[in-house]
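As stored in data_21.cif (mmCIF, C-alpha atoms; chains and numbers go by the auth columns):
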data_structure
#
loop_
_atom_site.group_PDB
_atom_site.id
_atom_site.type_symbol
_atom_site.label_atom_id
_atom_site.label_comp_id
_atom_site.label_asym_id
_atom_site.label_seq_id
_atom_site.Cartn_x
_atom_site.Cartn_y
_atom_site.Cartn_z
_atom_site.B_iso_or_equiv
_atom_site.auth_seq_id
_atom_site.auth_asym_id
ATOM 1 C CA MET A 1 -9.057 -35.837 11.495 0.00 1 S
ATOM 2 C CA ALA A 2 -7.195 -39.122 11.029 0.00 2 S
ATOM 3 C CA SER A 3 -4.682 -39.609 8.228 0.00 3 S
ATOM 4 C CA SER A 4 -6.662 -42.564 6.969 0.00 4 S
ATOM 5 C CA GLU A 5 -9.747 -40.372 6.514 0.00 5 S
ATOM 6 C CA ILE A 6 -7.784 -37.796 4.509 0.00 6 S
ATOM 7 C CA ALA A 7 -6.184 -40.580 2.456 0.00 7 S
ATOM 8 C CA ASP A 8 -9.661 -41.958 1.757 0.00 8 S
ATOM 9 C CA LEU A 9 -10.907 -38.526 0.653 0.00 9 S
ATOM 10 C CA ILE A 10 -7.904 -38.141 -1.688 0.00 10 S
ATOM 11 C CA ALA A 11 -8.539 -41.600 -3.151 0.00 11 S
ATOM 12 C CA ARG A 12 -12.221 -40.809 -3.701 0.00 12 S
ATOM 13 C CA THR A 13 -11.235 -37.444 -5.233 0.00 13 S
ATOM 14 C CA ALA A 14 -9.028 -39.356 -7.679 0.00 14 S
ATOM 15 C CA LEU A 15 -12.227 -41.143 -8.754 0.00 15 S
ATOM 16 C CA ARG A 16 -13.817 -37.676 -9.349 0.00 16 S
ATOM 17 C CA ASP A 17 -16.107 -37.874 -6.320 0.00 17 S
ATOM 18 C CA ARG A 18 -17.175 -34.242 -5.882 0.00 18 S
ATOM 19 C CA GLY A 19 -18.562 -34.838 -2.404 0.00 19 S
ATOM 20 C CA ALA A 20 -15.255 -36.257 -1.243 0.00 20 S
ATOM 21 C CA PHE A 21 -13.433 -33.314 -2.801 0.00 21 S
ATOM 22 C CA ARG A 22 -15.781 -30.879 -1.021 0.00 22 S
ATOM 23 C CA ASP A 23 -15.091 -32.665 2.299 0.00 23 S
ATOM 24 C CA LEU A 24 -11.356 -32.676 1.609 0.00 24 S
ATOM 25 C CA TYR A 25 -11.463 -28.929 1.000 0.00 25 S
ATOM 26 C CA ALA A 26 -13.523 -28.269 4.132 0.00 26 S
ATOM 27 C CA ARG A 27 -11.170 -30.295 6.312 0.00 27 S
ATOM 28 C CA THR A 28 -7.799 -29.180 4.939 0.00 28 S
ATOM 29 C CA SER A 29 -8.194 -25.723 3.396 0.00 29 S
ATOM 30 C CA ALA A 30 -7.362 -23.812 6.593 0.00 30 S
ATOM 31 C CA LYS A 31 -4.023 -25.604 6.934 0.00 31 S
ATOM 32 C CA LEU A 32 -3.133 -25.202 3.255 0.00 32 S
ATOM 33 C CA PHE A 33 -4.151 -21.546 3.343 0.00 33 S
ATOM 34 C CA GLY A 34 -1.731 -21.063 6.232 0.00 34 S
ATOM 35 C CA VAL A 35 1.038 -22.621 4.148 0.00 35 S
ATOM 36 C CA THR A 36 0.396 -20.397 1.123 0.00 36 S
ATOM 37 C CA LEU A 37 -0.019 -17.277 3.266 0.00 37 S
ATOM 38 C CA ARG A 38 3.221 -17.903 5.134 0.00 38 S
ATOM 39 C CA ILE A 39 5.128 -18.213 1.860 0.00 39 S
ATOM 40 C CA LEU A 40 3.427 -15.491 -0.195 0.00 40 S
ATOM 41 C CA ARG A 41 2.804 -12.999 2.649 0.00 41 S
ATOM 42 C CA ASP A 42 -0.173 -11.479 0.859 0.00 42 S
ATOM 43 C CA ARG A 43 -3.683 -12.544 1.829 0.00 43 S
ATOM 44 C CA SER A 44 -5.387 -12.050 -1.537 0.00 44 S
ATOM 45 C CA GLU A 45 -2.540 -13.741 -3.388 0.00 45 S
ATOM 46 C CA ALA A 46 -2.624 -16.641 -0.923 0.00 46 S
ATOM 47 C CA GLU A 47 -6.394 -17.025 -1.374 0.00 47 S
ATOM 48 C CA GLU A 48 -5.979 -17.182 -5.144 0.00 48 S
ATOM 49 C CA ALA A 49 -3.099 -19.616 -4.814 0.00 49 S
ATOM 50 C CA LEU A 50 -5.197 -21.837 -2.537 0.00 50 S
ATOM 51 C CA GLN A 51 -7.861 -22.152 -5.214 0.00 51 S
ATOM 52 C CA GLU A 52 -5.195 -23.106 -7.751 0.00 52 S
ATOM 53 C CA VAL A 53 -3.778 -25.655 -5.295 0.00 53 S
ATOM 54 C CA TYR A 54 -7.149 -27.381 -5.029 0.00 54 S
ATOM 55 C CA VAL A 55 -7.446 -27.456 -8.819 0.00 55 S
ATOM 56 C CA LYS A 56 -4.093 -29.245 -8.868 0.00 56 S
ATOM 57 C CA ILE A 57 -5.256 -31.621 -6.131 0.00 57 S
ATOM 58 C CA TRP A 58 -8.397 -32.410 -8.151 0.00 58 S
ATOM 59 C CA GLN A 59 -6.286 -33.057 -11.261 0.00 59 S
ATOM 60 C CA ARG A 60 -3.484 -34.996 -9.540 0.00 60 S
ATOM 61 C CA ALA A 61 -5.214 -36.873 -6.728 0.00 61 S
ATOM 62 C CA ASP A 62 -4.450 -40.143 -8.503 0.00 62 S
ATOM 63 C CA ARG A 63 -0.726 -39.487 -7.986 0.00 63 S
ATOM 64 C CA TYR A 64 -0.997 -39.797 -4.214 0.00 64 S
ATOM 65 C CA VAL A 65 0.439 -43.134 -3.098 0.00 65 S
ATOM 66 C CA VAL A 66 -1.002 -44.507 0.117 0.00 66 S
ATOM 67 C CA GLY A 67 1.796 -45.353 2.511 0.00 67 S
ATOM 68 C CA GLY A 68 4.359 -43.170 0.737 0.00 68 S
ATOM 69 C CA TYR A 69 3.765 -39.914 2.595 0.00 69 S
ATOM 70 C CA SER A 70 1.148 -38.970 5.110 0.00 70 S
ATOM 71 C CA PRO A 71 -1.785 -37.535 3.163 0.00 71 S
ATOM 72 C CA ILE A 72 -1.565 -34.131 4.842 0.00 72 S
ATOM 73 C CA SER A 73 2.158 -33.974 4.020 0.00 73 S
ATOM 74 C CA TRP A 74 1.328 -34.635 0.363 0.00 74 S
ATOM 75 C CA LEU A 75 -1.309 -31.852 0.373 0.00 75 S
ATOM 76 C CA VAL A 76 1.091 -29.446 2.099 0.00 76 S
ATOM 77 C CA ALA A 77 3.790 -30.290 -0.462 0.00 77 S
ATOM 78 C CA VAL A 78 1.398 -29.465 -3.312 0.00 78 S
ATOM 79 C CA ALA A 79 0.505 -26.128 -1.671 0.00 79 S
ATOM 80 C CA ARG A 80 4.095 -25.301 -0.782 0.00 80 S
ATOM 81 C CA ASN A 81 5.412 -26.091 -4.255 0.00 81 S
ATOM 82 C CA HIS A 82 2.682 -24.042 -5.912 0.00 82 S
ATOM 83 C CA ALA A 83 3.362 -21.032 -3.655 0.00 83 S
ATOM 84 C CA LEU A 84 7.085 -21.296 -4.353 0.00 84 S
ATOM 85 C CA ASP A 85 6.362 -21.437 -8.102 0.00 85 S
ATOM 86 C CA ILE A 86 4.435 -18.177 -7.732 0.00 86 S
ATOM 87 C CA LEU A 87 7.383 -16.582 -5.926 0.00 87 S
ATOM 88 C CA ARG A 88 9.796 -17.728 -8.632 0.00 88 S
ATOM 89 C CA ALA A 89 7.530 -16.361 -11.357 0.00 89 S
ATOM 90 C CA ARG A 90 7.488 -12.882 -9.857 0.00 90 S
ATOM 91 C CA LYS A 91 9.497 -10.462 -11.905 0.00 91 S
ATOM 92 C CA PRO A 92 12.352 -8.899 -9.970 0.00 92 S
ATOM 93 C CA VAL A 93 11.942 -5.232 -9.092 0.00 93 S
ATOM 94 C CA SER A 94 14.773 -4.258 -11.415 0.00 94 S
ATOM 95 C CA ASP A 95 16.319 -6.479 -14.017 0.00 95 S
ATOM 96 C CA ASP A 96 19.267 -4.242 -14.654 0.00 96 S
ATOM 97 C CA ILE A 97 20.875 -1.594 -12.483 0.00 97 S
ATOM 98 C CA GLU A 98 21.908 0.241 -15.648 0.00 98 S
ATOM 99 C CA LEU A 99 18.251 1.153 -16.213 0.00 99 S
ATOM 100 C CA ALA A 100 18.395 3.280 -13.067 0.00 100 S
ATOM 101 C CA LEU A 101 20.850 5.621 -14.785 0.00 101 S
ATOM 102 C CA ASP A 102 18.059 6.782 -17.091 0.00 102 S
ATOM 103 C CA VAL A 103 15.726 7.707 -14.226 0.00 103 S
ATOM 104 C CA ALA A 104 15.555 11.469 -13.802 0.00 104 S
ATOM 105 C CA ASP A 105 16.219 12.966 -10.395 0.00 105 S
ATOM 106 C CA GLY A 106 13.127 14.892 -9.272 0.00 106 S
ATOM 107 C CA ALA A 107 15.100 17.200 -6.995 0.00 107 S
ATOM 108 C CA PRO A 108 16.016 20.633 -8.288 0.00 108 S
ATOM 109 C CA ASP A 109 19.540 21.111 -9.535 0.00 109 S
ATOM 110 C CA PRO A 110 21.965 23.071 -7.301 0.00 110 S
ATOM 111 C CA GLU A 111 21.370 26.348 -9.137 0.00 111 S
ATOM 112 C CA GLN A 112 17.591 26.052 -8.806 0.00 112 S
ATOM 113 C CA ALA A 113 17.919 25.035 -5.149 0.00 113 S
ATOM 114 C CA THR A 114 19.967 28.173 -4.485 0.00 114 S
ATOM 115 C CA LEU A 115 17.416 30.370 -6.262 0.00 115 S
ATOM 116 C CA ASP A 116 14.567 28.738 -4.328 0.00 116 S
ATOM 117 C CA GLN A 117 16.371 29.296 -1.031 0.00 117 S
ATOM 118 C CA ALA A 118 16.978 32.957 -1.912 0.00 118 S
ATOM 119 C CA GLU A 119 13.273 33.367 -2.727 0.00 119 S
ATOM 120 C CA ARG A 120 12.263 31.754 0.582 0.00 120 S
ATOM 121 C CA THR A 121 14.606 34.106 2.414 0.00 121 S
ATOM 122 C CA ARG A 122 13.023 37.107 0.679 0.00 122 S
ATOM 123 C CA ILE A 123 9.501 35.928 1.545 0.00 123 S
ATOM 124 C CA HIS A 124 10.415 35.338 5.186 0.00 124 S
ATOM 125 C CA GLY A 125 12.068 38.754 5.323 0.00 125 S
ATOM 126 C CA CYS A 126 8.903 40.387 3.996 0.00 126 S
ATOM 127 C CA LEU A 127 6.760 38.438 6.462 0.00 127 S
ATOM 128 C CA GLU A 128 8.994 39.771 9.265 0.00 128 S
ATOM 129 C CA GLN A 129 8.049 43.319 8.231 0.00 129 S
ATOM 130 C CA LEU A 130 4.356 42.628 8.931 0.00 130 S
ATOM 131 C CA GLU A 131 2.890 42.939 12.402 0.00 131 S
ATOM 132 C CA ALA A 132 3.312 39.661 14.287 0.00 132 S
ATOM 133 C CA ASP A 133 -0.395 38.761 14.417 0.00 133 S
ATOM 134 C CA LYS A 134 -0.905 39.644 10.735 0.00 134 S
ATOM 135 C CA ALA A 135 2.139 37.565 9.709 0.00 135 S
ATOM 136 C CA ASP A 136 0.766 34.700 11.815 0.00 136 S
ATOM 137 C CA CYS A 137 -2.572 34.969 9.951 0.00 137 S
ATOM 138 C CA VAL A 138 -0.846 34.885 6.542 0.00 138 S
ATOM 139 C CA ARG A 139 1.203 31.840 7.556 0.00 139 S
ATOM 140 C CA GLY A 140 -1.911 30.185 8.981 0.00 140 S
ATOM 141 C CA ALA A 141 -4.012 30.810 5.879 0.00 141 S
ATOM 142 C CA TYR A 142 -1.476 30.182 3.116 0.00 142 S
ATOM 143 C CA LEU A 143 1.057 27.799 4.634 0.00 143 S
ATOM 144 C CA ASP A 144 -0.913 25.859 7.254 0.00 144 S
ATOM 145 C CA GLY A 145 -4.256 25.753 5.425 0.00 145 S
ATOM 146 C CA PHE A 146 -6.478 27.301 8.104 0.00 146 S
ATOM 147 C CA SER A 147 -9.775 28.739 6.903 0.00 147 S
ATOM 148 C CA TYR A 148 -10.653 32.402 7.392 0.00 148 S
ATOM 149 C CA ASP A 149 -13.245 31.327 9.981 0.00 149 S
ATOM 150 C CA GLU A 150 -10.672 29.356 11.964 0.00 150 S
ATOM 151 C CA LEU A 151 -8.211 32.249 11.908 0.00 151 S
ATOM 152 C CA ALA A 152 -10.893 34.774 12.926 0.00 152 S
ATOM 153 C CA GLU A 153 -11.857 32.578 15.863 0.00 153 S
ATOM 154 C CA ARG A 154 -8.231 32.004 16.844 0.00 154 S
ATOM 155 C CA HIS A 155 -7.442 35.731 16.820 0.00 155 S
ATOM 156 C CA LYS A 156 -10.843 36.650 18.269 0.00 156 S
ATOM 157 C CA VAL A 157 -11.792 39.073 15.494 0.00 157 S
ATOM 158 C CA PRO A 158 -14.833 39.188 13.186 0.00 158 S
ATOM 159 C CA LEU A 159 -14.607 37.263 9.910 0.00 159 S
ATOM 160 C CA ASN A 160 -14.625 40.416 7.763 0.00 160 S
ATOM 161 C CA THR A 161 -11.793 41.873 9.837 0.00 161 S
ATOM 162 C CA MET A 162 -9.756 38.710 9.185 0.00 162 S
ATOM 163 C CA ARG A 163 -10.410 39.038 5.454 0.00 163 S
ATOM 164 C CA THR A 164 -9.280 42.667 5.561 0.00 164 S
ATOM 165 C CA TRP A 165 -6.122 41.769 7.517 0.00 165 S
ATOM 166 C CA LEU A 166 -5.200 39.071 5.009 0.00 166 S
ATOM 167 C CA ARG A 167 -5.919 41.259 1.973 0.00 167 S
ATOM 168 C CA ARG A 168 -3.871 44.193 3.307 0.00 168 S
ATOM 169 C CA SER A 169 -1.077 41.852 4.398 0.00 169 S
ATOM 170 C CA LEU A 170 -0.889 40.298 0.943 0.00 170 S
ATOM 171 C CA LEU A 171 -0.742 43.740 -0.646 0.00 171 S
ATOM 172 C CA LYS A 172 2.163 44.657 1.653 0.00 172 S
ATOM 173 C CA LEU A 173 3.912 41.375 0.828 0.00 173 S
ATOM 174 C CA ARG A 174 3.522 41.999 -2.904 0.00 174 S
ATOM 175 C CA GLU A 175 4.917 45.511 -2.499 0.00 175 S
ATOM 176 C CA CYS A 176 7.859 44.217 -0.447 0.00 176 S
ATOM 177 C CA LEU A 177 8.642 41.386 -2.887 0.00 177 S
ATOM 178 C CA SER A 178 8.482 43.612 -5.962 0.00 178 S
ATOM 179 C CA ALA A 179 10.888 46.171 -4.434 0.00 179 S
#

Could you render the structure from this file as structure tokens?
Amino acid sequence: MASSEIADLIARTALRDRGAFRDLYARTSAKLFGVTLRILRDRSEAEEALQEVYVKIWQRADRYVVGGYSPISWLVAVARNHALDILRARKPVSDDIELALDVADGAPDPEQATLDQAERTRIHGCLEQLEADKADCVRGAYLDGFSYDELAERHKVPLNTMRTWLRRSLLKLRECLSA
């Protein structure tokens, strides 16, 4: 599309010609969307910004001076400036580093970490006392999330046998852990 055609559409838009504005949008929106998307780096935000850009173009079309800038450069400047205004208006992630001092650490404290490690060691020790296939079933069911059906198929035993293995193994684990 020639610059003179875009300049004509902008001039007619300044006179509130809706048809000219519709044509201007159809012919230039892809380019202006690319500008806003490149700056904002978020598709939905760029789409919203593009609509706001065209509102500004509708309101300020009379400010375009023929011969001053190429008409597409003027449209791109409006889009670019609007997208940059959006970036400037974004609130920074953290206003003050001092606020981070009040954020609680979700990790356990050293004492709790030591107690947890001791408990894990006890559990692993008790699992070691089970037969290897039974310990594997307990780990599969309660740590890896396998269903009883999946474990029965994996160990090639009937479903009720798997249930019995797991129940007896848990009883042995409870006995070992309470000792």

Given 8 Å on each side, where is the centre and what are the edge lengths in Å to one decimal of the axis-aligned box enclosing the listed atoms of segment 20-28 of chain S, as AutoDock Vina command-line options?
--center_x -11.8 --center_y -32.3 --center_z 1.8 --size_x 24.0 --size_y 24.0 --size_z 25.1

Apply the PyMOL selection byres ((chain S and resi 53-59) around 12) to the structure shown and report the selected residues as a ChimeraX atom specification. /S:9-22,24-26,28-29,32-33,35-36,46-52,60-64,71-72,74-86

Carefully work through the PyMOL selection byres ((chain S and resi 141) around 12) for this structure and note down the residues it includes, as an mmCIF file with C-alpha atoms, keeping the file's coordinate frame.
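Now in result_29.cif:
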data_model
loop_
_atom_site.group_PDB
_atom_site.id
_atom_site.type_symbol
_atom_site.label_atom_id
_atom_site.label_comp_id
_atom_site.auth_asym_id
_atom_site.auth_seq_id
_atom_site.Cartn_x
_atom_site.Cartn_y
_atom_site.Cartn_z
ATOM 1 C CA LYS S 134 -0.905 39.644 10.735
ATOM 2 C CA ALA S 135 2.139 37.565 9.709
ATOM 3 C CA ASP S 136 0.766 34.700 11.815
ATOM 4 C CA CYS S 137 -2.572 34.969 9.951
ATOM 5 C CA VAL S 138 -0.846 34.885 6.542
ATOM 6 C CA ARG S 139 1.203 31.840 7.556
ATOM 7 C CA GLY S 140 -1.911 30.185 8.981
ATOM 8 C CA TYR S 142 -1.476 30.182 3.116
ATOM 9 C CA LEU S 143 1.057 27.799 4.634
ATOM 10 C CA ASP S 144 -0.913 25.859 7.254
ATOM 11 C CA GLY S 145 -4.256 25.753 5.425
ATOM 12 C CA PHE S 146 -6.478 27.301 8.104
ATOM 13 C CA SER S 147 -9.775 28.739 6.903
ATOM 14 C CA TYR S 148 -10.653 32.402 7.392
ATOM 15 C CA ASP S 149 -13.245 31.327 9.981
ATOM 16 C CA GLU S 150 -10.672 29.356 11.964
ATOM 17 C CA LEU S 151 -8.211 32.249 11.908
ATOM 18 C CA ALA S 152 -10.893 34.774 12.926
ATOM 19 C CA ARG S 154 -8.231 32.004 16.844
ATOM 20 C CA MET S 162 -9.756 38.710 9.185
ATOM 21 C CA ARG S 163 -10.410 39.038 5.454
ATOM 22 C CA TRP S 165 -6.122 41.769 7.517
ATOM 23 C CA LEU S 166 -5.200 39.071 5.009
ATOM 24 C CA ARG S 167 -5.919 41.259 1.973
ATOM 25 C CA SER S 169 -1.077 41.852 4.398
ATOM 26 C CA LEU S 170 -0.889 40.298 0.943
#

Which polymer residues have any atom within 7 Å of an atom of segment 109-126 of chain S, counting all atoms listed in the file, with same-chain residues fewer than 5 positions away left out, as JSON, numbers by chain? {"S": [173, 176, 177]}

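Atom pair atom CA of Asp23 of chain S / atom CA of Ile6 of chain S: separated by 9.2 Å.
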
Since the input has fewer atoms than a full residue there, write segment 157-168 of chain S out with all heavy atoms, as a PDB file, in the frame of the given file.
ATOM      1  N   VAL S 157     -11.356  37.914  16.270  1.00  0.00           N
ATOM      2  CA  VAL S 157     -11.792  39.073  15.494  1.00  0.00           C
ATOM      3  C   VAL S 157     -12.926  38.626  14.582  1.00  0.00           C
ATOM      4  O   VAL S 157     -13.060  37.438  14.271  1.00  0.00           O
ATOM      5  CB  VAL S 157     -10.636  39.677  14.641  1.00  0.00           C
ATOM      6  CG1 VAL S 157      -9.518  40.201  15.521  1.00  0.00           C
ATOM      7  CG2 VAL S 157     -10.098  38.669  13.644  1.00  0.00           C
ATOM      8  N   PRO S 158     -13.771  39.556  14.116  1.00  0.00           N
ATOM      9  CA  PRO S 158     -14.833  39.188  13.186  1.00  0.00           C
ATOM     10  C   PRO S 158     -14.252  38.671  11.865  1.00  0.00           C
ATOM     11  O   PRO S 158     -13.125  39.006  11.489  1.00  0.00           O
ATOM     12  CB  PRO S 158     -15.603  40.499  12.960  1.00  0.00           C
ATOM     13  CG  PRO S 158     -15.216  41.383  14.093  1.00  0.00           C
ATOM     14  CD  PRO S 158     -13.847  40.957  14.532  1.00  0.00           C
ATOM     15  N   LEU S 159     -15.048  37.872  11.159  1.00  0.00           N
ATOM     16  CA  LEU S 159     -14.607  37.263   9.910  1.00  0.00           C
ATOM     17  C   LEU S 159     -14.191  38.317   8.890  1.00  0.00           C
ATOM     18  O   LEU S 159     -13.156  38.181   8.234  1.00  0.00           O
ATOM     19  CB  LEU S 159     -15.726  36.375   9.343  1.00  0.00           C
ATOM     20  CG  LEU S 159     -15.445  35.707   8.006  1.00  0.00           C
ATOM     21  CD1 LEU S 159     -14.231  34.790   8.112  1.00  0.00           C
ATOM     22  CD2 LEU S 159     -16.660  34.923   7.544  1.00  0.00           C
ATOM     23  N   ASN S 160     -14.969  39.379   8.741  1.00  0.00           N
ATOM     24  CA  ASN S 160     -14.625  40.416   7.763  1.00  0.00           C
ATOM     25  C   ASN S 160     -13.321  41.119   8.122  1.00  0.00           C
ATOM     26  O   ASN S 160     -12.557  41.519   7.236  1.00  0.00           O
ATOM     27  CB  ASN S 160     -15.770  41.411   7.600  1.00  0.00           C
ATOM     28  CG  ASN S 160     -16.915  40.816   6.789  1.00  0.00           C
ATOM     29  OD1 ASN S 160     -16.708  39.897   6.018  1.00  0.00           O
ATOM     30  ND2 ASN S 160     -18.115  41.333   6.994  1.00  0.00           N
ATOM     31  N   THR S 161     -13.064  41.278   9.407  1.00  0.00           N
ATOM     32  CA  THR S 161     -11.793  41.873   9.837  1.00  0.00           C
ATOM     33  C   THR S 161     -10.635  40.975   9.417  1.00  0.00           C
ATOM     34  O   THR S 161      -9.602  41.461   8.930  1.00  0.00           O
ATOM     35  CB  THR S 161     -11.790  42.089  11.361  1.00  0.00           C
ATOM     36  OG1 THR S 161     -12.881  42.935  11.705  1.00  0.00           O
ATOM     37  CG2 THR S 161     -10.488  42.679  11.847  1.00  0.00           C
ATOM     38  N   MET S 162     -10.806  39.657   9.579  1.00  0.00           N
ATOM     39  CA  MET S 162      -9.756  38.710   9.185  1.00  0.00           C
ATOM     40  C   MET S 162      -9.507  38.813   7.680  1.00  0.00           C
ATOM     41  O   MET S 162      -8.359  38.825   7.235  1.00  0.00           O
ATOM     42  CB  MET S 162     -10.147  37.274   9.570  1.00  0.00           C
ATOM     43  CG  MET S 162      -9.120  36.237   9.187  1.00  0.00           C
ATOM     44  SD  MET S 162      -7.440  36.551   9.816  1.00  0.00           S
ATOM     45  CE  MET S 162      -7.712  36.587  11.561  1.00  0.00           C
ATOM     46  N   ARG S 163     -10.571  38.898   6.905  1.00  0.00           N
ATOM     47  CA  ARG S 163     -10.410  39.038   5.454  1.00  0.00           C
ATOM     48  C   ARG S 163      -9.645  40.315   5.111  1.00  0.00           C
ATOM     49  O   ARG S 163      -8.771  40.317   4.236  1.00  0.00           O
ATOM     50  CB  ARG S 163     -11.775  39.048   4.776  1.00  0.00           C
ATOM     51  CG  ARG S 163     -12.433  37.699   4.781  1.00  0.00           C
ATOM     52  CD  ARG S 163     -13.748  37.735   4.036  1.00  0.00           C
ATOM     53  NE  ARG S 163     -14.324  36.409   4.009  1.00  0.00           N
ATOM     54  CZ  ARG S 163     -15.607  36.157   4.044  1.00  0.00           C
ATOM     55  NH1 ARG S 163     -16.484  37.143   4.080  1.00  0.00           N
ATOM     56  NH2 ARG S 163     -16.047  34.923   4.015  1.00  0.00           N
ATOM     57  N   THR S 164      -9.961  41.395   5.802  1.00  0.00           N
ATOM     58  CA  THR S 164      -9.280  42.667   5.561  1.00  0.00           C
ATOM     59  C   THR S 164      -7.806  42.557   5.937  1.00  0.00           C
ATOM     60  O   THR S 164      -6.931  43.022   5.192  1.00  0.00           O
ATOM     61  CB  THR S 164      -9.963  43.804   6.358  1.00  0.00           C
ATOM     62  OG1 THR S 164     -11.338  43.870   5.960  1.00  0.00           O
ATOM     63  CG2 THR S 164      -9.289  45.143   6.128  1.00  0.00           C
ATOM     64  N   TRP S 165      -7.509  41.952   7.092  1.00  0.00           N
ATOM     65  CA  TRP S 165      -6.122  41.769   7.517  1.00  0.00           C
ATOM     66  C   TRP S 165      -5.328  41.004   6.449  1.00  0.00           C
ATOM     67  O   TRP S 165      -4.221  41.388   6.088  1.00  0.00           O
ATOM     68  CB  TRP S 165      -6.051  40.971   8.812  1.00  0.00           C
ATOM     69  CG  TRP S 165      -6.357  41.718  10.074  1.00  0.00           C
ATOM     70  CD1 TRP S 165      -6.842  42.984  10.194  1.00  0.00           C
ATOM     71  CD2 TRP S 165      -6.195  41.207  11.390  1.00  0.00           C
ATOM     72  NE1 TRP S 165      -7.002  43.303  11.508  1.00  0.00           N
ATOM     73  CE2 TRP S 165      -6.610  42.211  12.281  1.00  0.00           C
ATOM     74  CE3 TRP S 165      -5.764  40.006  11.922  1.00  0.00           C
ATOM     75  CZ2 TRP S 165      -6.593  42.062  13.661  1.00  0.00           C
ATOM     76  CZ3 TRP S 165      -5.741  39.846  13.292  1.00  0.00           C
ATOM     77  CH2 TRP S 165      -6.146  40.873  14.149  1.00  0.00           C
ATOM     78  N   LEU S 166      -5.899  39.899   5.975  1.00  0.00           N
ATOM     79  CA  LEU S 166      -5.200  39.071   5.009  1.00  0.00           C
ATOM     80  C   LEU S 166      -5.000  39.809   3.682  1.00  0.00           C
ATOM     81  O   LEU S 166      -3.926  39.756   3.096  1.00  0.00           O
ATOM     82  CB  LEU S 166      -5.938  37.751   4.796  1.00  0.00           C
ATOM     83  CG  LEU S 166      -5.839  36.777   5.975  1.00  0.00           C
ATOM     84  CD1 LEU S 166      -6.798  35.613   5.798  1.00  0.00           C
ATOM     85  CD2 LEU S 166      -4.420  36.271   6.153  1.00  0.00           C
ATOM     86  N   ARG S 167      -6.047  40.528   3.242  1.00  0.00           N
ATOM     87  CA  ARG S 167      -5.919  41.259   1.973  1.00  0.00           C
ATOM     88  C   ARG S 167      -4.839  42.321   2.073  1.00  0.00           C
ATOM     89  O   ARG S 167      -3.976  42.426   1.202  1.00  0.00           O
ATOM     90  CB  ARG S 167      -7.265  41.880   1.602  1.00  0.00           C
ATOM     91  CG  ARG S 167      -7.192  42.743   0.356  1.00  0.00           C
ATOM     92  CD  ARG S 167      -8.503  42.776  -0.370  1.00  0.00           C
ATOM     93  NE  ARG S 167      -8.588  43.733  -1.446  1.00  0.00           N
ATOM     94  CZ  ARG S 167      -7.829  43.779  -2.521  1.00  0.00           C
ATOM     95  NH1 ARG S 167      -6.869  42.920  -2.657  1.00  0.00           N
ATOM     96  NH2 ARG S 167      -7.998  44.690  -3.456  1.00  0.00           N
ATOM     97  N   ARG S 168      -4.868  43.133   3.138  1.00  0.00           N
ATOM     98  CA  ARG S 168      -3.871  44.193   3.307  1.00  0.00           C
ATOM     99  C   ARG S 168      -2.467  43.608   3.478  1.00  0.00           C
ATOM    100  O   ARG S 168      -1.487  44.156   2.968  1.00  0.00           O
ATOM    101  CB  ARG S 168      -4.232  45.076   4.494  1.00  0.00           C
ATOM    102  CG  ARG S 168      -5.432  45.959   4.211  1.00  0.00           C
ATOM    103  CD  ARG S 168      -5.774  46.830   5.385  1.00  0.00           C
ATOM    104  NE  ARG S 168      -6.956  47.653   5.087  1.00  0.00           N
ATOM    105  CZ  ARG S 168      -7.672  48.266   5.998  1.00  0.00           C
ATOM    106  NH1 ARG S 168      -7.331  48.184   7.283  1.00  0.00           N
ATOM    107  NH2 ARG S 168      -8.727  48.984   5.652  1.00  0.00           N
TER     108      ARG S 168
END
